[in-house]
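*Asks:* Supplied in structure tokens, the structure appears directly below.
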Amino acid sequence: MNLGTKPVLRALLFTIVGVLSMESLAAPATNAKKSVKGRLPQKVVAPVKAPAPPQVRRTNVPVADPNQWLKAASGWTRLVRATDSTAGAYYAETLGLVIDSQFIIVPWTFISDAWLSRVGSKFMVEGSQREAVLADIDLVANVALLKVAEATVPTFYRTEIRLDAPVVDEPLLVLSSRNWVRGGAKFLKTKNDGLFVRYQIAIGATDPSSVRYIFDRAGHFIAMSSGASSGDDVWSAPSRAIYELIRKQSGPRPASVGDQRRTQLFFWQDRWARTLIPARAALSLQSLDCQTRLASVADRELAAQIKNVHALECAEKLPLPVGGGYSAGVHISTGEANLRSSSPDLNNRFAEAISSGVFAEFDRATSVVNLLTAPECRDNELTNQQGLNVHVKFCTSALKFEPGLADTAIVVSTLDQANRANYAVARLRGFDQKNTKMVLESLVENVRSRK
């Protein structure tokens with residue numbers, strides 16, 4: 001399937017050969033005919049008159065037994081199963097939480113993985129032939145909101161969702177299977193990138209479940225965590241994000257869930273690119289999570305030619321799980337090495353060694369058949385506007401399920417007269433042509449300048 005890898009690659013190559021002149025860059029092909037193959041199913045949910053949720057907090061819990069809600073908790077969940085048809089055998093399932101009798105929340109990655117595996121998958125609610133259709137998503141929170149046409153009871157109600165964050169070390173309860181609510185978890189802290197908050201929660205036990213619903217001791221919903229757990233701390237979607245998804249159902253709806261997903265993807269990769277490069281004078285890393293890096297070079301002969309290395313490794317604060325084990329995001333490594341000679345060949349070997357991990361990860365991602373197209377790679381030597389000779393290697397591959405977005409690995413390096421080798425390595429996951437070009441230009445121009 002041709003989803004535009006080569007036009008993207010040609011535009012990037014043209015950028016490099018043209019000494020990064022913005023005027024010489026080909027504009028993205030915005031008028032190209034859009035492919036409809038491989039698009040995820042998009043369904044418009046017909047309005048359904050559902051029972052109005054209660055407007056007051058639970059009143060049927062005796063004061064003498066504040067844990068009465070634990071007996072009802074297992075009834076709030078349903079197994080949601082992915083299948084090829086309403087009568088077919090299912091091939092994947094996850095535990096969903098029923099809210100307001102017509103909504104079921106599950107991890108977004110469960111939905112996207114099913115669609116990547118088998119286009120046209122349906123999602124059926126356990127114990128019935130009722131189909132649950134996708135009503136809304138939050139990619140950052142990794143939450144999908146499903147909707148059923150008929151009321152599902154018993155149910156949890158949105159009035160029992162706790163909107164304020166727990167306090168540090170507050171004990172919490174975990175619901176990760178139909179008939180077991182366990183303790184041992186506690187709240188640690190929040191993580192805020194300015195637009196979104198995540199909760200860090202110590203789960204407290206090894207848990208093979210792919211999703212966990214977390215409550216306080218009074219039975220108020222706190223967060224949803226997804227992914228495997230080995231008893232360590234996990235970052236979880238706060239209950240407020242889920243509350244907002246449900247609240248929006250009574251307002252104007254987007255044209256389609258697919259369009260909304262693409263809007264979120266484009267918004268975040270554009271935001272990452274613009275915060276990474278606020279100006280052409282320097283490469284800004286302040287919006288990323290950064291830590292010093294201990295460089296490792298397996299080639300002993302090459303390692304003997306390196307006196308020392310100062311390196312920094314940075315990544316986005318909130319990667320977006322898209323599906324198939326793939327997350328949109330950005331990863332940048334920059335550094336400076338003092339070499340024993342001024343050989344350009346030595347500089348290129350050093351850059352190749354220091355970027356090997358990023359390109360190996362890129363190769364693994366492109367080996368997944370349903371995920372990315374076959375990669376195309378180029379090596380180039382050019383002179384930037386500062387008069388420095390810069391070596392550039394990059395590989396790019398288009399996302400099959402998101403036309404217009406690509407995965408790109410880049411390494412740029414330069415060697416000055418003092419035998420200092422400066423480098424920058426980038427992995428741009430789920431970026432469009434415009435933002436990939438902007439990051440590439442800044443890496444080449446500011447390989448020695450960062451803040």
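Following the order of the structure tokens, chains are lettered A, B, ..., residues in each are numbered from 1, and ligands are numbered from 1.
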Restrict the calculation to only C-alpha atoms, then for each residue of stretch 316-363 of chain A with any atom at most 10 Å from an atom of stretch 188-202 of chain A give the closest atom pair and their distance in Å to one decimal, rows by chain and rising residue number, as JSON lines.
*Replies:*
```
{"residue": "A:Glu316", "atom": "CA", "partner": "A:Asp193", "partner_atom": "CA", "distance": 9.5}
{"residue": "A:Lys317", "atom": "CA", "partner": "A:Asp193", "partner_atom": "CA", "distance": 6.8}
{"residue": "A:Leu318", "atom": "CA", "partner": "A:Asp193", "partner_atom": "CA", "distance": 7.8}
```
*Asks:* For A:Val444, work out the shell of residues within 7 Å, counting only C-alpha atoms and skipping chain neighbours fewer than 2 positions away, then give it as a PyMOL selection string.
*Replies:* chain A and resi 384+390+412+440-442+446-447
*Asks:* To one decimal in Å, tell me the separation between atom CA of A:Trp69 and atom CA of A:Thr94.
*Replies:*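 According to the coordinates, atom CA of A:Trp69 and atom CA of A:Thr94 are separated by 22.6 Å.
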*Asks:* From a DSSP pass on the backbone, collect the residues of stretch 208-343 of chain A flagged as strand (DSSP E or B) and hand them back as a ChimeraX atom specification.
*Replies:* /A:211-215,221-226,229-230,233-238,283,289-293,306-315,320-323,326-339
*Asks:* Considering only C-alpha atoms, give me a table of residues in stretch 397-421 of chain A that are at most 10 Å from stretch 350-358 of chain A, with the closest atom pair and distance in Å for each, as CSV.
*Replies:*
```
residue,atom,partner,partner_atom,distance
A:Ala409,CA,A:Val358,CA,7.0
A:Ile410,CA,A:Ser355,CA,8.5
A:Val411,CA,A:Ser355,CA,6.6
A:Val412,CA,A:Ala351,CA,7.5
A:Ser413,CA,A:Ala351,CA,6.3
A:Thr414,CA,A:Ala351,CA,9.0
A:Ala421,CA,A:Phe350,CA,8.3
```
*Asks:* Env of A:Gly183: 12 Å cut, atoms = only C-alpha atoms, seq-sep filter 4 positions within chain, self excluded. Answer as a list in words.
*Replies:*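 Near neighbours after the sequence-gap exclusion: Leu70, Glu170, Pro171, Leu172, Leu173, Val174, Leu175, Ser176, Phe187, Ala202, Ile203, Gly204, Ala205, Ile214, Phe215, Asp216 and Arg217 of chain A.
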*Asks:* Just write the chosen residues, C-alpha atoms, as a short mmCIF file (atom, residue, chain, number, x, y, z; two decimals), in the first residue's frame.
*Replies:*
```
data_model
loop_
_atom_site.label_atom_id
_atom_site.label_comp_id
_atom_site.auth_asym_id
_atom_site.auth_seq_id
_atom_site.Cartn_x
_atom_site.Cartn_y
_atom_site.Cartn_z
CA LEU A 70 -17.33 -3.64 47.64
CA GLU A 170 -3.58 7.76 50.46
CA PRO A 171 -4.48 4.02 50.46
CA LEU A 172 -6.40 2.90 47.39
CA LEU A 173 -8.23 -0.21 46.19
CA VAL A 174 -7.75 -1.95 42.85
CA LEU A 175 -10.42 -3.71 40.76
CA SER A 176 -8.68 -5.78 38.09
CA PHE A 187 -1.29 7.32 45.64
CA ALA A 202 1.97 2.25 43.53
CA ILE A 203 -0.06 -0.80 42.53
CA GLY A 204 1.42 -2.91 45.30
CA ALA A 205 1.31 -6.37 43.73
CA ILE A 214 -8.72 2.25 41.08
CA PHE A 215 -11.03 3.49 43.86
CA ASP A 216 -10.62 5.23 47.17
CA ARG A 217 -11.83 3.51 50.33
#
```
*Asks:* From the options A:Gly430, A:Ser296, A:Leu265, A:Arg364, which residue's atoms come nearest to A:His331, counting only C-alpha atoms?
*Replies:*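 Once distances to A:His331 are computed over only C-alpha atoms, the minimum belongs to A:Gly430.
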*Asks:* Give me, please, the distance in Å between atom CA of A:Arg300 and atom CA of A:Arg349, quoted to one decimal.
*Replies:*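 Interatomic distance, atom CA of A:Arg300 to atom CA of A:Arg349: 12.1 Å.
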*Asks:* Would you please work out which residue, of A:Thr155, A:Asn179, A:Ser121, A:Ser449, is nearest to A:Lys71 when using only C-alpha atoms?
*Replies:*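 Among the listed residues, A:Asn179 lies closest to A:Lys71.
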*Asks:* For A:Ala132, please output as a list in words all residues within 6 Å (counting only C-alpha atoms; exclusion window: fewer than 2 positions along the same chain).
*Replies:*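 That gives Phe123, Met124, Leu146, Lys147 and Val148 of chain A.
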*Asks:* For a quick check of understanding, using only C-alpha atoms, which of A:Ala92, A:Ala82, A:Val143, A:Val98 has the smallest distance to A:Ile242?
*Replies:*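 Going through A:Ala92, A:Ala82, A:Val143, A:Val98 one by one, the smallest distance to A:Ile242 is for A:Val143.
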*Asks:* If you count only C-alpha atoms, which residues fall within 8 Å of A:Gly96, apart from same-chain ones fewer than 6 positions away, as a list of chain:residue names?
*Replies:* A:Thr77, A:Arg78, A:Leu79, A:Val80, A:Ile104, A:Ile105, A:Val106
*Asks:* One number please: atom CA of A:Leu285 to atom CA of A:Thr334, in Å, one decimal.
*Replies:*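 It comes out at 9.8 Å.
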*Asks:* Please identify which residues in stretch 173-379 of chain A DSSP calls alpha helix (DSSP H) from the backbone, and express them as an NGL selection string.
*Replies:* :A and (239-247 or 257-276 or 300-303 or 344-354 or 356-366)
*Asks:* I'd like to know which of A:Asp416, A:Thr109, A:Arg118, A:Arg293 is closest to A:Tyr90, using only C-alpha atoms.
*Replies:*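 Closest to A:Tyr90 of all the choices is A:Arg118.
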*Asks:* Would you mind telling me which residue in A:Ala165, A:Ala218, A:Leu302, A:Ala223 lies nearest to A:Ala237 when using only C-alpha atoms?
*Replies:*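 Ranking A:Ala165, A:Ala218, A:Leu302, A:Ala223 by distance to A:Ala237, first place goes to A:Ala223.
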